[in-house]
Each structure stands twice: as C-alpha cells, then as structure tokens.
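Q: You'll find input_7.cif just under this line, and it carries mmCIF, C-alpha atoms.
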```
data_protein
#
loop_
_atom_site.label_atom_id
_atom_site.label_comp_id
_atom_site.auth_asym_id
_atom_site.auth_seq_id
_atom_site.Cartn_x
_atom_site.Cartn_y
_atom_site.Cartn_z
CA MET T 182 -71.11 42.42 235.45
CA PRO T 183 -71.53 43.09 239.14
CA ASN T 184 -70.38 46.45 240.44
CA SER T 185 -71.51 46.21 244.07
CA PHE T 186 -71.65 43.67 246.88
CA GLU T 187 -75.37 43.19 246.27
CA SER T 188 -74.97 42.43 242.56
CA ALA T 189 -72.02 40.14 243.33
CA LEU T 190 -74.16 38.28 245.87
CA ASP T 191 -76.90 37.96 243.25
CA LEU T 192 -74.41 36.45 240.77
CA TRP T 193 -73.13 34.02 243.44
CA THR T 194 -76.69 32.96 244.24
CA ARG T 195 -77.60 32.41 240.58
CA ASP T 196 -74.35 30.89 239.29
CA PRO T 197 -71.43 30.19 241.65
CA TYR T 198 -69.09 29.14 238.81
CA HIS T 199 -69.59 32.39 236.88
CA PHE T 200 -69.14 34.27 240.14
CA GLN T 201 -65.74 32.59 240.53
CA GLN T 202 -64.80 33.48 236.96
CA TRP T 203 -65.83 37.09 237.51
CA ALA T 204 -63.96 37.35 240.84
CA VAL T 205 -60.73 35.96 239.30
CA SER T 206 -61.01 38.38 236.39
CA LEU T 207 -61.34 41.32 238.81
CA VAL T 208 -57.77 40.73 240.01
CA GLU T 209 -56.49 40.22 236.43
CA GLY T 210 -56.22 36.48 236.98
CA ILE T 211 -56.56 33.66 234.50
CA VAL T 212 -59.60 31.47 235.13
CA LEU T 213 -59.27 27.71 235.09
CA ALA T 214 -61.49 26.05 232.52
CA ARG T 215 -62.61 23.28 234.91
CA GLN T 216 -65.71 23.67 237.04
CA SER T 217 -64.93 20.77 239.35
CA GLY T 218 -61.84 18.83 240.27
CA ASP T 219 -59.83 22.05 240.33
CA LYS T 220 -57.87 20.85 243.40
CA GLY T 221 -58.59 24.09 245.24
CA ILE T 222 -57.47 26.38 242.42
CA ASP T 223 -59.97 28.71 240.74
CA GLY T 224 -57.39 30.77 238.88
CA TRP T 225 -53.83 32.05 238.62
CA ILE T 226 -52.05 35.39 238.47
CA PHE T 227 -48.61 35.18 236.89
CA PHE T 228 -45.57 37.33 237.59
CA ASP T 229 -41.87 37.43 236.83
CA LEU T 230 -39.08 36.61 239.22
CA PRO T 231 -35.65 38.07 238.44
CA ASP T 232 -33.23 35.75 236.66
CA GLN T 233 -35.83 33.04 236.06
CA LYS T 234 -36.99 32.02 232.61
CA ASP T 235 -40.38 30.69 233.71
CA CYS T 236 -43.11 32.79 235.26
CA ALA T 237 -44.17 32.16 238.83
CA GLY T 238 -47.73 32.31 240.00
CA MET T 239 -50.24 33.13 242.67
CA VAL T 240 -52.95 30.47 242.97
CA LEU T 241 -56.39 31.92 243.55
CA GLU T 242 -59.26 30.42 245.52
CA VAL T 243 -62.68 32.09 245.54
CA LYS T 244 -65.19 31.55 248.35
CA GLY T 245 -68.72 32.84 248.00
CA GLY T 246 -70.26 31.17 251.02
CA GLN T 247 -71.19 33.13 254.12
CA ASN T 248 -68.93 31.33 256.54
CA PRO T 249 -65.33 31.01 255.35
CA THR T 250 -63.23 29.15 257.90
CA ALA T 251 -59.63 28.85 259.00
CA GLU T 252 -59.73 25.43 257.31
CA ASN T 253 -60.22 27.25 253.97
CA VAL T 254 -57.02 29.18 254.70
CA ARG T 255 -55.12 26.05 255.73
CA SER T 256 -56.35 24.25 252.60
CA LEU T 257 -55.09 27.11 250.42
CA GLY T 258 -51.74 26.83 252.21
CA GLY T 259 -51.69 23.17 251.23
CA VAL T 260 -52.28 24.14 247.59
CA LEU T 261 -49.41 26.62 247.86
CA ASP T 262 -47.12 23.87 249.14
CA ARG T 263 -48.30 21.32 246.55
CA GLU T 264 -48.18 23.35 243.32
CA PRO T 265 -44.66 23.64 241.86
CA PHE T 266 -45.22 27.01 240.12
CA ALA T 267 -47.08 28.57 243.06
CA GLU T 268 -44.97 31.09 244.92
CA MET T 269 -48.02 32.84 246.39
CA ALA T 270 -51.69 32.19 247.16
CA GLY T 271 -54.68 34.54 247.22
CA LEU T 272 -58.08 34.01 248.82
CA ILE T 273 -61.02 36.04 247.49
CA LEU T 274 -64.08 36.20 249.75
CA LEU T 275 -67.55 37.44 248.87
CA HIS T 276 -68.58 37.86 252.50
CA PRO T 277 -66.15 39.86 254.65
CA PRO T 278 -65.05 37.93 257.72
CA GLY T 279 -65.60 39.56 261.09
CA THR T 280 -62.72 41.44 262.69
CA GLN T 281 -61.56 38.53 264.88
CA LYS T 282 -61.94 35.98 262.09
CA ARG T 283 -59.95 38.17 259.68
CA ARG T 284 -57.18 38.48 262.30
CA ASN T 285 -57.18 34.69 262.67
CA PHE T 286 -56.99 34.27 258.86
CA GLU T 287 -54.14 36.78 258.60
CA THR T 288 -52.25 35.05 261.44
CA GLU T 289 -52.63 31.72 259.66
CA MET T 290 -51.52 33.27 256.36
CA ALA T 291 -48.51 34.99 257.94
CA ALA T 292 -47.09 31.55 258.76
CA ALA T 293 -46.46 31.10 255.00
CA GLY T 294 -43.89 33.90 255.18
CA HIS T 295 -42.90 36.38 252.49
CA LEU T 296 -41.54 36.26 248.97
CA GLU T 297 -38.71 38.75 248.67
CA VAL T 298 -38.17 40.20 245.19
CA LYS T 299 -35.72 43.03 244.53
CA GLY T 300 -35.55 43.89 248.23
CA ARG T 301 -39.33 44.10 248.65
CA LYS T 302 -41.29 41.58 250.72
CA HIS T 303 -44.65 40.32 249.44
CA PRO T 304 -46.83 38.15 251.73
CA ARG T 305 -46.96 34.64 250.26
CA MET T 306 -50.62 34.29 251.30
CA GLN T 307 -53.09 37.14 251.03
CA ILE T 308 -56.81 37.74 251.41
CA LEU T 309 -59.13 40.22 249.69
CA THR T 310 -62.89 40.65 249.82
CA ILE T 311 -65.03 41.49 246.82
CA GLU T 312 -65.81 44.88 248.38
CA GLU T 313 -62.08 45.64 248.70
CA ILE T 314 -61.45 44.64 245.09
CA LEU T 315 -64.39 46.72 243.85
CA ALA T 316 -62.88 49.65 245.79
CA GLY T 317 -59.63 49.23 243.82
CA LYS T 318 -57.47 47.09 246.10
CA GLN T 319 -55.34 44.37 244.47
CA PHE T 320 -53.02 41.63 245.66
CA ASP T 321 -49.45 42.70 246.52
CA LEU T 322 -47.43 41.03 243.74
CA PRO T 323 -44.02 41.30 242.09
CA ALA T 324 -43.85 42.56 238.50
CA PRO T 325 -46.45 41.03 236.18
CA PRO T 326 -45.12 39.06 233.17
CA ARG T 327 -45.93 41.84 230.71
CA THR T 328 -43.01 43.83 232.16
CA SER T 329 -40.53 41.06 231.48
CA ARG T 330 -37.58 41.75 229.23
CA ASP T 331 -37.50 38.08 228.15
CA PRO T 332 -40.07 37.42 225.41
CA ASN T 333 -39.44 33.66 225.75
CA ARG T 334 -40.71 33.28 229.31
CA GLN T 335 -42.75 30.13 229.78
CA LEU T 336 -46.16 29.34 231.23
CA THR T 337 -45.93 25.73 230.13
CA GLY T 338 -46.87 23.15 232.73
CA ILE T 339 -48.82 25.63 234.84
CA LEU T 340 -52.24 25.56 233.23
#
```
Once more with this new file: its structure as structure tokens, please.
A:
Amino acid sequence: MPNSFESALDLWTRDPYHFQQWAVSLVEGIVLARQSGDKGIDGWIFFDLPDQKDCAGMVLEVKGGQNPTAENVRSLGGVLDREPFAEMAGLILLHPPGTQKRRNFETEMAAAGHLEVKGRKHPRMQILTIEEILAGKQFDLPAPPRTSRDPNRQLTGIL
C-alpha cells in the first residue's frame, strides 16, 4: 500500500482502478464494485443524521490525473444533486492543484452550501489531496453510522 505521494503516483500509473480503491479506503469509504459506468461515483462514506432512520452519504470521486479542472468540481456537484442519499460530496486528488486553482475549486464548492447537524456546519462539497490524507486529514463529516443508537438504520438503495 502506498505511503507517500511517489508510491501513490506509481500505483496510479500502474493501475488507476486500484488507486481509486486505495484512495477511497484511506478516508474510510466504501468502494463501488464497478470499474466503469459508475456515474461519477467511486465510493461512499456514510453517516447518521439525527431523527432519520436511513443513513446519509458523501459521494466520493477520485481523480489521479495531473490536471483536475473546475468541470470536475461542477460534475461532482451534479452527482450531489442527482443522488437521493447524497447529502455531501468529496473530491480526492492525487496531484495538488495550484493555489489559484484550489481557490477556484473551493469557491465552486462553497456554492453547494453547508449541511447543518446539531448546530455544526459541514461543507456539502469538500476537497482533499492524497498528501493531505496521508498526513492525517479527513473529510469534515457528521457522526459516522457506527455511533448510531438505532441498530436498524438502513443502507438499502444506496449501493
């Protein structure tokens, strides 16, 4: 398993699909079984929302190419709007965007607003690089399902 940018780049170069699986697993996401036709979703992270039986989710998109674009961000926003269980969306990038490009991405993502849970606001769209994740950073999410008091919560219809 990669433990540096260089080894992650090597995995991306050799096998982009396994790179995506690895990147989703780094953020404790669930990998989709499909390699193609995933409709812009490489994985999910599930979390609880108060007073709801079903879990909600963050859709994950992984980009290993060297030139992620604002269109990638807009496309992920479209997935967020389209998927009924998606309350949030996360973009994982192998190559860090430049300072101006990251600002543009974050401006685009800010338009999706926030998800407020128990008085705390979580950005509905977020971005992390592989280097940030390897350094310990994670997506800002509400409580994960394992903290739920309801053992009957449902993931049906999501995967």
Q: Quick one: of T:Tyr198, T:Leu192, T:Lys318, T:Pro231, who's nearest to Gly300 (chain T), counting only C-alpha atoms?
A: T:Pro231
Q: Please evaluate the PyMOL selection byres ((chain T and resi 288) around 12) against the structure above and give the resulting residues as a PyMOL selection string.
A: chain T and resi 251+254-255+281-287+289-294+304+306-308
Q: CA of Leu230 (chain T) to CA of Val298 (chain T): how many Å, to one decimal?
A: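 Separation between CA of Leu230 (chain T) and CA of Val298 (chain T): 7.0 Å.
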Q: Given only C-alpha atoms as the basis, pick out the residue of T:Val243, T:Met182, T:Ala270, T:Ala324 nearest to Thr310 (chain T).
A: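 Once distances to Thr310 (chain T) are computed over only C-alpha atoms, the minimum belongs to T:Val243.
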Q: Applying the PyMOL selection byres ((chain T and resi 224-228) around 7) to the file I just gave you, which residues come out? Please list them as a list in words.
A: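 That expression, the PyMOL selection byres ((chain T and resi 224-228) around 7), corresponds here to Val205, Glu209, Gly210, Ile211, Val212, Leu213, Ile222, Asp223, Asp229, Leu230, Cys236, Ala237, Gly238, Met239, Val240, Leu241, Glu242, Pro323, Ala324, Pro325 and Pro326 of chain T.
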Q: Of the candidates T:Arg263, T:His276, T:His295, T:Arg301, which one gets nearest to Leu190 (chain T) if we count all atoms listed in the file?
A: T:His276
Q: Enter the distance from CA of Gln201 (chain T) to CA of Lys234 (chain T), in Å, rounded to one decimal.
A: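 So the answer is 29.8 Å.
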Q: Enclose all atoms of region 184-194 of chain T listed in the file in an axis-aligned box, grow every side by 4 Å, and hand back centre and edge lengths in Å to one decimal, as lines of an AutoDock Vina configuration file.
A:
```
center_x = -73.6
center_y = 39.7
center_z = 243.7
size_x = 14.5
size_y = 21.5
size_z = 14.4
```
Q: Counting all atoms listed in the file, which residue out of T:Pro249, T:Ala267, T:Glu312, T:Leu261 sits closest to Ala189 (chain T)?
A: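 Under the stated criterion, the closest residue is T:Glu312.
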Q: Between T:Ile273, T:Arg195, T:Gly258, T:Glu268, which one has atoms that come closest to Leu315 (chain T), using all atoms listed in the file?
A: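 Distance minimum relative to Leu315 (chain T) lands on T:Ile273.
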Q: Can you work out which one of T:Pro265, T:Leu296, T:Phe186, T:Gly245 has the shortest atom-to-atom distance to Phe200 (chain T), counting only C-alpha atoms?
A: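 Looking only at the distances to Phe200 (chain T), the closest residue turns out to be T:Gly245.
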Q: What does the structure give for the distance between CA of Pro277 (chain T) and CA of Lys302 (chain T), in Å to one decimal?
A: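 Between CA of Pro277 (chain T) and CA of Lys302 (chain T) the gap works out to 25.2 Å.
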Q: Pull out region 257-280 of chain T, keep C-alpha atoms, and write it as a tab-separated table (two decimals), in the first residue's frame.
A:
```tsv
chain	number	residue	atom	x	y	z
T	257	LEU	CA	-19.34	16.27	-8.75
T	258	GLY	CA	-21.90	18.93	-7.82
T	259	GLY	CA	-24.21	17.38	-10.41
T	260	VAL	CA	-23.75	13.97	-8.78
T	261	LEU	CA	-24.57	15.54	-5.41
T	262	ASP	CA	-27.79	16.97	-6.84
T	263	ARG	CA	-28.73	13.74	-8.65
T	264	GLU	CA	-28.16	11.11	-5.95
T	265	PRO	CA	-31.04	10.88	-3.44
T	266	PHE	CA	-28.91	9.66	-0.50
T	267	ALA	CA	-26.06	12.11	-1.14
T	268	GLU	CA	-26.00	14.94	1.36
T	269	MET	CA	-22.32	15.68	0.72
T	270	ALA	CA	-19.64	15.15	-1.92
T	271	GLY	CA	-15.88	14.69	-1.60
T	272	LEU	CA	-13.20	15.06	-4.28
T	273	ILE	CA	-9.89	13.26	-3.74
T	274	LEU	CA	-6.99	14.45	-5.90
T	275	LEU	CA	-3.64	12.78	-6.41
T	276	HIS	CA	-1.99	15.93	-7.76
T	277	PRO	CA	-2.46	19.04	-5.60
T	278	PRO	CA	-3.97	21.92	-7.55
T	279	GLY	CA	-2.06	25.18	-7.60
T	280	THR	CA	-3.03	27.89	-5.14
```
